[in-house]
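**Student:** Following this message is one structure expressed as structure tokens.
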Amino acid sequence: MSERNKIMLRGNDAVIYGALLAGCDCFFGYPITPANEIAHSGAALFPMLGRVFLQAESELAAINMVLGASAAGRRAITASSGLGISLKQEGISYIATMELPAVIVDIMRGGPGLGNLGPEQGDYNQVVKGGGHGNYKCIVLAPNSPQEMCSLTMKAFELADNYRTPVYVLSDALIGQMIESVLLPDPVDKKPIPDWAIAGTAEYRKNYITSIYLDYDDLERLNLKLQEKYELIRRNEQLCESYMTDDADTVIICYGIVSRIAKSAVNLLREKGHKAGLLRPMTLFPFPSTEIQRLEKKISSFLCIELSNGQMLDDIKLSMESDIPLHFYSRMGGNLPNEQDIINKYLSVHGKTNG
Amino acid sequence: MAKKLIYGKPSGFFDTFDRRPGITHSTHYCPGCGHGVLHKLIAEAVADLGMLDKTIFICPVGCSVFGYYYFNMASISVPHGRAPAVATGLVRSNPDCFVISYQGDGDLGAIGFNEFIQAANRGENMAVFFVNNGVYGMTGGQLAPTTLPGQKTLTSPYGRSVENEGYPLKVCEMVAALDSPVYVERTAVTSPKNIRAARAALRKALTYMKEKKGFSLVEFLSGCPVNMKRSAKDTDEWIEKNVIPYFPVKCFKDIANERKPKQSPVGIYDKEKVKDSLLATEKIHPSDESELPVPDIKGELRIKCAGFGGQGILSLGMLIAEAGHLQNLKASWLPSYGPEMRGGTANCSVVLSREAVGSPLVKTADVVLAMNQPSIDKFSPDLRDGGILIYDSVNIKFDNPGKCNVYSLDASMIAKDVIGDVRCANSVMLGAFCEIIRSIDEKSFISSITNNFRGKEKVISMNIKAFQEGRKAVRK
């Protein structure tokens with residue numbers, strides 16, 4: 001690929017680049033910090049390329065516009081941050097139930113409540129565990145660079161179409177705000193309108209889309225069908241980055257901005273002869289349990305670092321089959337650990353486990 | 001002789017309602033319900049206007065949630081109140097389709113009023129058919145926004161009190177006050193005369209939609225005998241006697257002839273155009289023909305730029321990052337965040353590396369560029385031993401503790417006296433950085449400045465001059 005395709009891009013802008021390279025037709029969104037640059041870029045670039053950009057009157061309207069465009073068989077995206085995502089949950093439950101593809105970007109900020117504009121990871125549960133009502137889940141991709149904000153947004157569209165399910169790109173204020181070199185991937189080929197769509201022509205007239213099933217057995221069948229889909233996703237779509245794990249004693253598990261800091265910390269620890277490793281989940285659902293189960297057979301402990309009260313920690317516990325120690329270090333409120341904090345935590349873990 | 005059909009099911013309906021579990025020859029509506037009449041008028045009109053293939057019928061939450069059992073057109077049942085938002089998504093992504101947003105008084109007037117009024121105000125090309133029966137039918141008969149004063153419902157057992165719930169919501173009157181909607185009419189499906197007027201109104205709305213004239217609203221005063229606890233006949237009479245006086249049946253607005261059809265071409269996805277346009281928006285990228293080698297940086301060069309807001313601190317960082325990027329280094333730039341922003345200082349972290357950058361947050365710095373006193377006080381202790389400190393001596397007093405390499409220059413004074421604009425002080429600092437670091441070529445910094453101020457030739461030349469002055473100042 002040509003160096004000409006390499007540009008400096010802000011994480012949030014890279015989402016729009018990824019969406020356009022994925023042939024996205026529509027962006028619907030509502031202003032919210034720290035996700036605003038996504039809408040700013042969308043407003044500038046979507047119309048320029050004959051795509052639809054519309055600022056919705058609310059988060060509710062935005063997600064339901066996505067629902068409509070998706071039902072029409074078009075690729076649609078919306079972006080927000082924690083509290084806005086809370087408002088979208090109703091629509092996301094419908095989208096999942098109607099088995100429509102959609103891409104939702106969450107640039108996490110400090111919470112709960114109005115919180116603040118700093119980076120946090122407190123949306124994990126509402127994004128990874130379904131979040132709205134009913135027995136559904138969404139695929140969740142977790143980029144840690146502007147490069148991945150672009151490429152994982154593209155992947156999100158592909159997964160959303162393949163599995164007919166909403167897909168999140170879950171990131172944080174810092175990955176959204178930082179600017180970094182990005183190698184633009186090649187654009188996708190034009191996608192045909194899927195046969196289930198309500199696309200406003202004779203051939204699609206027979207189609208209808210609903211999420212109401214008054215008969216209990218009908219609704220149970222739908223639920224079972226969804227669970228089968230999630231099981232397929234769990235088996236096929238786990239994605240993670242393992243760094244220096246081959247000979248590691250303790251493997252640090254973290255995602256998003258924390259994984260960038262932890263990588264620097266691992267490098268510093270390695271320079272001093274410590275055998276630290278890093279496992280970075282790139283999909284949060286499906287959670288990379290397979291890799292956790294592979295690693296736990298050869299290491300002495302895990303260290304989970306999160307900008308939350310331990311929301312991902314639960315998934316690590318559910319993934320583990322052995323009883324090796326699982327340590328936890330967290331910051332909240334917009335605060336971040338620095339490399340030294342992580343190094344200190346690693347060393348204290350070893351003070352305990354190695355005597 | 002062929003039989004002449006004088007009465008039959010409209011072709012907008014299915015022959016049998018096979019989507020309905022159990023009974024497939026009739027609808028699920030109660031006797032005397034207004035939905036049945038209205039469904040028939042719609043089925044007939046959409047067919048007569050030749051719009052069946054292109055029309056999408058939106059079923060709301062309410063008794064008409066199962067509209068797709070009956071209409072022989074594409075359908076979708078949507079979240080409560082969100083029909084106009086879903087309709088917006090459908091029609092914006094596919095401007096050639098026609099969308100009927102069929103909504104009740106709770107759906108449209110209460111939980112979904114914002115979606116409704118905003119779609120109206122945008123003038124979306126859609127027809128909203130608003131069934132106003134003054135009660136929540138599906139949930140068993142609660143107070144609606146349009147329930148009349150004194151009217152008893154399950155949640156207004158003593159009658160609607162204007163003290164407690166206010167007066168009924170006059171939807172047509174509100175929508176008619178907006179500029180965007182083209183057609184607003186209230187009708188009733190109570191008597192043959194009123195039904196004929198309702199039939200004409202909904203046909204007009206569909207015709208305007210077909211002509212892409214924009215947003216039409218037709219309200220239908222309608223009966224719900226079960227929840228009004230009256231017979232079908234009494235219900236219609238009660239509406240004519242009590243509801244129509246409050247909600248007058250009339251045309252509020254009809255300006256479609258003054259409006260041009262909406263021009264909403266469907267964008268064609270063009271793979272090559274997408275990529276070319278995206279690259280053209282950012283002119284700064286490493287060139288294939290670059291003869292400049294990748295700078296010989298060991299590990300990561302971690303840089304902190306700091307100063308007052310307004311001194312161009314974030315730009316200074318960005319110029320450094322871009323210069324590195326131009327020589328095929330991996331570069332990251334991160335603006336100040338959170339608590340560090342307090343106290344009137346701005347700062348940013350820049351990391352340059354031949355390998356992928358680790359943490360983009362610079363805590364321990366290899367280089368600090370400081371442009372005011374609070375910045376040097378705060379960030380100079382974070383310099384690694386042997387690190388480089390570059391500061392603007394006009395604004396800063398600093399005693400070198402001796403563990404780092406210190407360069408001071410009168411950046412602000414040079415910018416003011418030599419260049420004639422103190423705002424160029426950051427480019428003076430940039431020149432100093434270039435001269436001290438040496439591994440990144442001056443051409444990259446100049447390209448970076450040129451890109452940053454593209455279109456402003458005078459500003460570019462001033463900043464390049466400032467950059468050169470900065471280099472000179474350090475050489476001394």
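Each chain in the structure tokens gets a letter, A, B and so on, in the order shown; residues start at 1 in every chain, and ligands are counted from 1 in the order they appear.
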Can you tell me, as a PyMOL selection string, which residues in segment 214-347 of chain B count as strand (DSSP E) by DSSP?

**Tutor:** chain B and resi 216-221+251-254+300-308+330-335+345-347

**Student:** I need the chosen residues saved as a PDB file, in the first residue's frame, with N, CA and C atoms.

**Tutor:**
```
ATOM      1  N   SER B 216     -46.958  15.928   5.334  1.00  0.00           N
ATOM      2  CA  SER B 216     -48.400  16.111   5.499  1.00  0.00           C
ATOM      3  C   SER B 216     -48.867  15.422   6.768  1.00  0.00           C
ATOM      4  N   LEU B 217     -49.820  16.059   7.432  1.00  0.00           N
ATOM      5  CA  LEU B 217     -50.440  15.462   8.621  1.00  0.00           C
ATOM      6  C   LEU B 217     -51.943  15.435   8.413  1.00  0.00           C
ATOM      7  N   VAL B 218     -52.529  14.259   8.564  1.00  0.00           N
ATOM      8  CA  VAL B 218     -53.989  14.177   8.610  1.00  0.00           C
ATOM      9  C   VAL B 218     -54.371  13.539   9.939  1.00  0.00           C
ATOM     10  N   GLU B 219     -55.191  14.255  10.699  1.00  0.00           N
ATOM     11  CA  GLU B 219     -55.673  13.724  11.971  1.00  0.00           C
ATOM     12  C   GLU B 219     -57.060  13.134  11.760  1.00  0.00           C
ATOM     13  N   PHE B 220     -57.306  11.987  12.370  1.00  0.00           N
ATOM     14  CA  PHE B 220     -58.611  11.327  12.250  1.00  0.00           C
ATOM     15  C   PHE B 220     -59.213  11.183  13.639  1.00  0.00           C
ATOM     16  N   LEU B 221     -60.253  11.933  13.930  1.00  0.00           N
ATOM     17  CA  LEU B 221     -60.974  11.720  15.181  1.00  0.00           C
ATOM     18  C   LEU B 221     -61.698  10.397  15.038  1.00  0.00           C
ATOM     19  N   CYS B 251     -59.445  21.956   7.325  1.00  0.00           N
ATOM     20  CA  CYS B 251     -58.096  22.025   6.772  1.00  0.00           C
ATOM     21  C   CYS B 251     -57.387  23.225   7.387  1.00  0.00           C
ATOM     22  N   PHE B 252     -56.229  22.978   8.021  1.00  0.00           N
ATOM     23  CA  PHE B 252     -55.495  24.056   8.669  1.00  0.00           C
ATOM     24  C   PHE B 252     -54.459  24.685   7.741  1.00  0.00           C
ATOM     25  N   LYS B 253     -54.016  23.892   6.794  1.00  0.00           N
ATOM     26  CA  LYS B 253     -52.928  24.390   5.948  1.00  0.00           C
ATOM     27  C   LYS B 253     -52.846  23.533   4.694  1.00  0.00           C
ATOM     28  N   ASP B 254     -52.683  24.148   3.543  1.00  0.00           N
ATOM     29  CA  ASP B 254     -52.521  23.387   2.299  1.00  0.00           C
ATOM     30  C   ASP B 254     -51.721  24.249   1.328  1.00  0.00           C
ATOM     31  N   GLU B 300      11.592   5.610  21.708  1.00  0.00           N
ATOM     32  CA  GLU B 300      10.602   6.668  21.497  1.00  0.00           C
ATOM     33  C   GLU B 300      11.179   8.020  21.916  1.00  0.00           C
ATOM     34  N   LEU B 301      10.850   9.048  21.146  1.00  0.00           N
ATOM     35  CA  LEU B 301      11.163  10.411  21.551  1.00  0.00           C
ATOM     36  C   LEU B 301       9.877  10.995  22.128  1.00  0.00           C
ATOM     37  N   ARG B 302       9.874  11.183  23.451  1.00  0.00           N
ATOM     38  CA  ARG B 302       8.645  11.578  24.143  1.00  0.00           C
ATOM     39  C   ARG B 302       8.736  13.056  24.508  1.00  0.00           C
ATOM     40  N   ILE B 303       7.778  13.828  23.983  1.00  0.00           N
ATOM     41  CA  ILE B 303       7.873  15.287  24.018  1.00  0.00           C
ATOM     42  C   ILE B 303       6.656  15.877  24.708  1.00  0.00           C
ATOM     43  N   LYS B 304       6.893  16.878  25.560  1.00  0.00           N
ATOM     44  CA  LYS B 304       5.779  17.614  26.162  1.00  0.00           C
ATOM     45  C   LYS B 304       5.909  19.077  25.746  1.00  0.00           C
ATOM     46  N   CYS B 305       4.834  19.655  25.195  1.00  0.00           N
ATOM     47  CA  CYS B 305       4.797  21.083  24.898  1.00  0.00           C
ATOM     48  C   CYS B 305       3.805  21.714  25.863  1.00  0.00           C
ATOM     49  N   ALA B 306       4.199  22.856  26.460  1.00  0.00           N
ATOM     50  CA  ALA B 306       3.284  23.461  27.442  1.00  0.00           C
ATOM     51  C   ALA B 306       3.444  24.968  27.474  1.00  0.00           C
ATOM     52  N   GLY B 307       2.349  25.647  27.793  1.00  0.00           N
ATOM     53  CA  GLY B 307       2.377  27.109  27.896  1.00  0.00           C
ATOM     54  C   GLY B 307       0.982  27.629  28.187  1.00  0.00           C
ATOM     55  N   PHE B 308       0.803  28.931  27.996  1.00  0.00           N
ATOM     56  CA  PHE B 308      -0.534  29.512  28.155  1.00  0.00           C
ATOM     57  C   PHE B 308      -1.431  29.091  26.993  1.00  0.00           C
ATOM     58  N   LYS B 330       6.435   6.898  13.209  1.00  0.00           N
ATOM     59  CA  LYS B 330       5.117   6.791  13.832  1.00  0.00           C
ATOM     60  C   LYS B 330       4.994   7.987  14.780  1.00  0.00           C
ATOM     61  N   ALA B 331       3.905   8.727  14.655  1.00  0.00           N
ATOM     62  CA  ALA B 331       3.763   9.935  15.453  1.00  0.00           C
ATOM     63  C   ALA B 331       2.409   9.938  16.145  1.00  0.00           C
ATOM     64  N   SER B 332       2.386  10.317  17.417  1.00  0.00           N
ATOM     65  CA  SER B 332       1.101  10.500  18.091  1.00  0.00           C
ATOM     66  C   SER B 332       1.068  11.875  18.747  1.00  0.00           C
ATOM     67  N   TRP B 333      -0.114  12.440  18.805  1.00  0.00           N
ATOM     68  CA  TRP B 333      -0.334  13.768  19.404  1.00  0.00           C
ATOM     69  C   TRP B 333      -1.573  13.679  20.266  1.00  0.00           C
ATOM     70  N   LEU B 334      -1.464  14.187  21.486  1.00  0.00           N
ATOM     71  CA  LEU B 334      -2.612  14.114  22.395  1.00  0.00           C
ATOM     72  C   LEU B 334      -2.725  15.428  23.152  1.00  0.00           C
ATOM     73  N   PRO B 335      -3.863  16.093  23.070  1.00  0.00           N
ATOM     74  CA  PRO B 335      -4.010  17.365  23.790  1.00  0.00           C
ATOM     75  C   PRO B 335      -4.122  17.136  25.298  1.00  0.00           C
ATOM     76  N   THR B 345      -3.086  26.641  31.835  1.00  0.00           N
ATOM     77  CA  THR B 345      -2.034  26.158  30.954  1.00  0.00           C
ATOM     78  C   THR B 345      -2.599  25.151  29.972  1.00  0.00           C
ATOM     79  N   ALA B 346      -2.018  25.174  28.793  1.00  0.00           N
ATOM     80  CA  ALA B 346      -2.363  24.163  27.794  1.00  0.00           C
ATOM     81  C   ALA B 346      -1.122  23.310  27.601  1.00  0.00           C
ATOM     82  N   ASN B 347      -1.347  22.035  27.365  1.00  0.00           N
ATOM     83  CA  ASN B 347      -0.177  21.226  27.032  1.00  0.00           C
ATOM     84  C   ASN B 347      -0.587  20.085  26.131  1.00  0.00           C
TER      85      ASN B 347
END
```

**Student:** For segment 36-52 of chain B, work out the shell of residues within 10 Å, counting only C-alpha atoms and skipping chain neighbours fewer than 5 positions away, then give it as JSON, numbers by chain.

**Tutor:** {"A": [200, 201, 202, 205], "B": [9, 10, 11, 12, 13, 14, 26, 27, 28, 29, 30, 31, 57, 64, 67, 70, 71, 72, 73, 74, 97, 98, 100, 102, 129, 131, 188, 189, 190, 195, 196, 198, 199, 200, 202, 203, 204, 206, 207, 210, 220, 222]}

**Student:** Restricted to N, CA and C atoms, what would the selected residues look like written as a compact mmCIF listing (two decimals), in the first residue's frame?

**Tutor:**
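And here's result18.txt as it stands now:
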```
# COMPACT_ATOMS: atom_id res chain seq x y z
N GLY A 200 -38.53 -0.42 -0.73
CA GLY A 200 -39.39 0.45 -1.53
C GLY A 200 -39.44 0.13 -3.00
N THR A 201 -39.31 -1.16 -3.35
CA THR A 201 -39.54 -1.57 -4.73
C THR A 201 -40.40 -2.85 -4.72
N ALA A 202 -40.89 -3.22 -5.91
CA ALA A 202 -41.81 -4.35 -6.01
C ALA A 202 -41.22 -5.62 -5.40
N ARG A 205 -41.61 -5.76 -1.65
CA ARG A 205 -42.92 -5.44 -1.09
C ARG A 205 -43.42 -6.49 -0.11
N LYS B 9 -62.67 -6.17 -1.60
CA LYS B 9 -61.59 -5.78 -0.70
C LYS B 9 -60.59 -4.95 -1.50
N PRO B 10 -60.11 -3.83 -0.98
CA PRO B 10 -59.12 -3.04 -1.73
C PRO B 10 -57.85 -3.86 -1.97
N SER B 11 -57.20 -3.64 -3.12
CA SER B 11 -56.01 -4.45 -3.41
C SER B 11 -54.83 -4.06 -2.53
N GLY B 12 -54.97 -3.00 -1.75
CA GLY B 12 -53.94 -2.68 -0.75
C GLY B 12 -53.99 -3.60 0.46
N PHE B 13 -55.03 -4.43 0.56
CA PHE B 13 -55.13 -5.45 1.61
C PHE B 13 -54.72 -6.80 1.03
N PHE B 14 -54.26 -7.69 1.87
CA PHE B 14 -54.10 -9.08 1.46
C PHE B 14 -55.48 -9.70 1.30
N SER B 26 -60.59 -11.77 9.15
CA SER B 26 -61.01 -10.46 9.67
C SER B 26 -59.87 -9.83 10.45
N THR B 27 -60.00 -8.54 10.74
CA THR B 27 -58.95 -7.87 11.50
C THR B 27 -59.13 -8.13 12.99
N HIS B 28 -58.14 -7.69 13.77
CA HIS B 28 -58.21 -7.90 15.23
C HIS B 28 -58.91 -6.73 15.92
N TYR B 29 -59.38 -5.77 15.15
CA TYR B 29 -59.96 -4.58 15.78
C TYR B 29 -61.36 -4.87 16.32
N CYS B 30 -61.72 -4.13 17.37
CA CYS B 30 -63.03 -4.32 18.01
C CYS B 30 -64.12 -3.71 17.12
N PRO B 31 -65.36 -4.16 17.26
CA PRO B 31 -66.45 -3.56 16.50
C PRO B 31 -66.55 -2.06 16.80
N PHE B 57 -45.36 0.90 5.17
CA PHE B 57 -46.34 1.24 6.20
C PHE B 57 -45.70 1.03 7.57
N SER B 64 -52.76 -0.62 16.48
CA SER B 64 -52.41 -0.83 15.07
C SER B 64 -51.00 -1.38 14.89
N GLY B 67 -50.61 -3.72 11.98
CA GLY B 67 -51.01 -3.26 10.65
C GLY B 67 -50.46 -4.15 9.54
N TYR B 70 -52.32 -6.91 7.56
CA TYR B 70 -53.38 -6.60 6.60
C TYR B 70 -52.91 -5.94 5.31
N PHE B 71 -51.95 -5.01 5.42
CA PHE B 71 -51.58 -4.22 4.25
C PHE B 71 -50.63 -4.99 3.34
N ASN B 72 -51.00 -5.02 2.07
CA ASN B 72 -50.17 -5.72 1.09
C ASN B 72 -49.08 -4.76 0.59
N MET B 73 -48.29 -4.30 1.54
CA MET B 73 -47.15 -3.44 1.21
C MET B 73 -46.08 -3.70 2.25
N ALA B 74 -44.86 -3.26 1.99
CA ALA B 74 -43.78 -3.48 2.96
C ALA B 74 -44.13 -2.75 4.26
N CYS B 97 -38.66 5.95 -1.79
CA CYS B 97 -39.77 5.22 -1.17
C CYS B 97 -40.76 6.20 -0.54
N PHE B 98 -41.97 5.71 -0.28
CA PHE B 98 -43.00 6.52 0.38
C PHE B 98 -43.29 5.91 1.74
N ILE B 100 -45.66 5.87 5.21
CA ILE B 100 -46.83 6.27 5.99
C ILE B 100 -46.51 6.01 7.46
N TYR B 102 -48.17 5.83 10.74
CA TYR B 102 -49.53 5.67 11.27
C TYR B 102 -49.43 5.67 12.79
N PHE B 129 -50.44 9.80 9.51
CA PHE B 129 -51.87 9.61 9.76
C PHE B 129 -52.05 9.41 11.26
N VAL B 131 -54.28 8.99 14.42
CA VAL B 131 -55.58 8.50 14.86
C VAL B 131 -55.82 8.98 16.29
N ALA B 188 -62.73 13.31 10.63
CA ALA B 188 -63.29 12.35 11.58
C ALA B 188 -63.80 11.15 10.80
N VAL B 189 -63.71 9.96 11.41
CA VAL B 189 -64.24 8.77 10.73
C VAL B 189 -65.50 8.31 11.47
N THR B 190 -66.46 9.22 11.56
CA THR B 190 -67.65 8.96 12.36
C THR B 190 -68.91 8.77 11.53
N ILE B 195 -66.46 10.57 6.80
CA ILE B 195 -65.55 9.55 6.25
C ILE B 195 -65.16 9.92 4.81
N ARG B 196 -66.13 10.46 4.05
CA ARG B 196 -65.79 10.90 2.69
C ARG B 196 -64.73 12.01 2.71
N ALA B 198 -62.54 12.45 5.13
CA ALA B 198 -61.30 11.81 5.58
C ALA B 198 -60.61 11.11 4.41
N ARG B 199 -61.42 10.43 3.59
CA ARG B 199 -60.91 9.73 2.41
C ARG B 199 -60.20 10.71 1.47
N ALA B 200 -60.83 11.85 1.24
CA ALA B 200 -60.24 12.85 0.35
C ALA B 200 -58.94 13.40 0.96
N LEU B 202 -56.81 11.99 3.13
CA LEU B 202 -55.65 11.09 3.13
C LEU B 202 -55.14 10.87 1.71
N ARG B 203 -56.03 10.93 0.73
CA ARG B 203 -55.57 10.84 -0.66
C ARG B 203 -54.73 12.05 -1.05
N LYS B 204 -55.14 13.19 -0.54
CA LYS B 204 -54.37 14.40 -0.82
C LYS B 204 -52.97 14.29 -0.21
N LEU B 206 -51.29 11.56 0.48
CA LEU B 206 -50.50 10.58 -0.27
C LEU B 206 -50.03 11.15 -1.60
N THR B 207 -50.90 11.94 -2.24
CA THR B 207 -50.54 12.54 -3.52
C THR B 207 -49.37 13.51 -3.34
N LYS B 210 -46.30 11.56 -2.96
CA LYS B 210 -45.89 11.01 -4.26
C LYS B 210 -45.19 12.08 -5.10
N PHE B 220 -57.31 11.99 12.37
CA PHE B 220 -58.61 11.33 12.25
C PHE B 220 -59.21 11.18 13.64
N SER B 222 -61.53 9.57 16.02
CA SER B 222 -61.90 8.17 15.83
C SER B 222 -62.46 7.60 17.12
```

**Student:** Under the rule that only C-alpha atoms are counted, which of A:Arg51, A:Arg10, A:Lys88, A:Lys155 is the nearest residue to Gln126 of chain A?

**Tutor:**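 For Gln126 of chain A, the nearest of the given residues is A:Lys88.
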
**Student:** Between B:Leu154, B:Ile440, B:Met209, B:Ala85, which residue has the minimum interatomic distance to Gly141 of chain B, considering only C-alpha atoms?

**Tutor:**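 Checking each of B:Leu154, B:Ile440, B:Met209, B:Ala85 against Gly141 of chain B, counting only C-alpha atoms, the winner is B:Leu154.
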
**Student:** Set the distance at 9 Å and use only C-alpha atoms: which residues neighbour Pro146 of chain A once local chain neighbours fewer than 6 positions away are removed? I'd like the list as a PDB file with N, CA, C and O atoms, in the first residue's frame.

**Tutor:**
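Ended up saving to around08.pdb:
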```pdb
ATOM      1  N   MET A   8      -2.309  11.784   9.010  1.00  0.00           N
ATOM      2  CA  MET A   8      -2.481  12.005  10.448  1.00  0.00           C
ATOM      3  C   MET A   8      -3.977  12.197  10.701  1.00  0.00           C
ATOM      4  O   MET A   8      -4.597  13.074  10.099  1.00  0.00           O
ATOM      5  N   LEU A   9      -4.536  11.406  11.580  1.00  0.00           N
ATOM      6  CA  LEU A   9      -5.981  11.479  11.817  1.00  0.00           C
ATOM      7  C   LEU A   9      -6.288  11.415  13.309  1.00  0.00           C
ATOM      8  O   LEU A   9      -5.681  10.637  14.043  1.00  0.00           O
ATOM      9  N   ARG A  10      -7.277  12.202  13.700  1.00  0.00           N
ATOM     10  CA  ARG A  10      -7.807  12.111  15.050  1.00  0.00           C
ATOM     11  C   ARG A  10      -8.659  10.842  15.147  1.00  0.00           C
ATOM     12  O   ARG A  10      -9.326  10.465  14.186  1.00  0.00           O
ATOM     13  N   GLY A  11      -8.623  10.211  16.300  1.00  0.00           N
ATOM     14  CA  GLY A  11      -9.385   8.972  16.474  1.00  0.00           C
ATOM     15  C   GLY A  11     -10.833   9.121  16.063  1.00  0.00           C
ATOM     16  O   GLY A  11     -11.383   8.290  15.335  1.00  0.00           O
ATOM     17  N   ASN A  12     -11.474  10.189  16.533  1.00  0.00           N
ATOM     18  CA  ASN A  12     -12.888  10.373  16.200  1.00  0.00           C
ATOM     19  C   ASN A  12     -13.100  10.571  14.704  1.00  0.00           C
ATOM     20  O   ASN A  12     -14.064  10.052  14.138  1.00  0.00           O
ATOM     21  N   ASP A  13     -12.210  11.319  14.063  1.00  0.00           N
ATOM     22  CA  ASP A  13     -12.328  11.515  12.614  1.00  0.00           C
ATOM     23  C   ASP A  13     -12.136  10.184  11.873  1.00  0.00           C
ATOM     24  O   ASP A  13     -12.771   9.927  10.850  1.00  0.00           O
ATOM     25  N   ALA A  14     -11.257   9.361  12.422  1.00  0.00           N
ATOM     26  CA  ALA A  14     -10.951   8.083  11.765  1.00  0.00           C
ATOM     27  C   ALA A  14     -12.183   7.181  11.696  1.00  0.00           C
ATOM     28  O   ALA A  14     -12.304   6.348  10.799  1.00  0.00           O
ATOM     29  N   VAL A  15     -13.106   7.359  12.647  1.00  0.00           N
ATOM     30  CA  VAL A  15     -14.364   6.594  12.603  1.00  0.00           C
ATOM     31  C   VAL A  15     -15.119   6.908  11.310  1.00  0.00           C
ATOM     32  O   VAL A  15     -15.621   6.007  10.628  1.00  0.00           O
ATOM     33  N   ILE A 175      -8.588   7.982  23.160  1.00  0.00           N
ATOM     34  CA  ILE A 175      -8.398   7.388  21.823  1.00  0.00           C
ATOM     35  C   ILE A 175      -9.172   8.228  20.801  1.00  0.00           C
ATOM     36  O   ILE A 175      -8.740   8.413  19.663  1.00  0.00           O
ATOM     37  N   GLY A 176     -10.307   8.778  21.225  1.00  0.00           N
ATOM     38  CA  GLY A 176     -11.088   9.636  20.332  1.00  0.00           C
ATOM     39  C   GLY A 176     -10.402  10.948  20.017  1.00  0.00           C
ATOM     40  O   GLY A 176     -10.508  11.473  18.914  1.00  0.00           O
ATOM     41  N   GLN A 177      -9.676  11.492  21.007  1.00  0.00           N
ATOM     42  CA  GLN A 177      -9.075  12.821  20.840  1.00  0.00           C
ATOM     43  C   GLN A 177      -7.666  12.771  20.245  1.00  0.00           C
ATOM     44  O   GLN A 177      -7.182  13.766  19.718  1.00  0.00           O
ATOM     45  N   MET A 178      -6.972  11.658  20.373  1.00  0.00           N
ATOM     46  CA  MET A 178      -5.567  11.651  19.937  1.00  0.00           C
ATOM     47  C   MET A 178      -5.466  11.593  18.414  1.00  0.00           C
ATOM     48  O   MET A 178      -6.348  11.100  17.723  1.00  0.00           O
ATOM     49  N   ILE A 179      -4.354  12.153  17.944  1.00  0.00           N
ATOM     50  CA  ILE A 179      -4.078  12.139  16.502  1.00  0.00           C
ATOM     51  C   ILE A 179      -2.857  11.260  16.269  1.00  0.00           C
ATOM     52  O   ILE A 179      -1.882  11.334  17.022  1.00  0.00           O
ATOM     53  N   GLU A 180      -2.933  10.427  15.255  1.00  0.00           N
ATOM     54  CA  GLU A 180      -1.843   9.504  14.996  1.00  0.00           C
ATOM     55  C   GLU A 180      -1.806   9.166  13.509  1.00  0.00           C
ATOM     56  O   GLU A 180      -2.804   9.354  12.806  1.00  0.00           O
ATOM     57  N   SER A 181      -0.669   8.650  13.079  1.00  0.00           N
ATOM     58  CA  SER A 181      -0.568   8.236  11.674  1.00  0.00           C
ATOM     59  C   SER A 181      -1.532   7.075  11.413  1.00  0.00           C
ATOM     60  O   SER A 181      -1.571   6.117  12.170  1.00  0.00           O
ATOM     61  N   VAL A 182      -2.284   7.196  10.343  1.00  0.00           N
ATOM     62  CA  VAL A 182      -3.232   6.140   9.978  1.00  0.00           C
ATOM     63  C   VAL A 182      -3.008   5.771   8.515  1.00  0.00           C
ATOM     64  O   VAL A 182      -2.924   6.650   7.654  1.00  0.00           O
TER      65      VAL A 182
END
```

**Student:** Of the residues A:Lys229, A:Lys263, A:His40, A:Lys345, which is the one nearest to Tyr136 of chain A, using only C-alpha atoms?

**Tutor:** A:Lys229

**Student:** Could you give me, as a PyMOL selection string, the residues within 10 Å of segment 367-369 of chain B, counting only C-alpha atoms and dropping anything in the same chain fewer than 3 positions from it?

**Tutor:** chain B and resi 301-307+313+316-317+347+349-350+362+364+372+375-376+379-384+386-392+404-408+426+429-430+432-433+437

**Student:** Taking into account only C-alpha atoms, which residue in the set A:Ser81, A:Thr210, A:Asn267, A:Ser151 is nearest to Arg109 of chain A?

**Tutor:**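 Once distances to Arg109 of chain A are computed over only C-alpha atoms, the minimum belongs to A:Ser81.
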
**Student:** Residues near segment 255-257 of chain A, anyone? I mean within 8 Å using only C-alpha atoms, not counting same-chain ones fewer than 3 positions away, as a list in words.

**Tutor:**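 Within the cut-off, the hits are Ala142, Pro143, Asn144, Ser145, Ser171, Asp172, Leu174, Ile175, Arg260, Ile261, Arg280, Pro281, Met282 and Glu306 of chain A; Ser359 of chain B.
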
**Student:** So which residues touch segment 188-197 of chain A within 12 Å, counting only C-alpha atoms, skipping near sequence neighbours fewer than 4 positions away, as a PyMOL selection string?

**Tutor:** (chain A and resi 18-25+67-75+98-101+151+154-155+157-158+161-162+164+184+201-210) or (chain B and resi 56+74-76+90+93-94+268-272+274-275)

**Student:** One number please: atom CA of Met108 of chain A to atom CA of Ala61 of chain A, in Å, one decimal.

**Tutor:**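 Separating atom CA of Met108 of chain A from atom CA of Ala61 of chain A is a distance of 20.3 Å.
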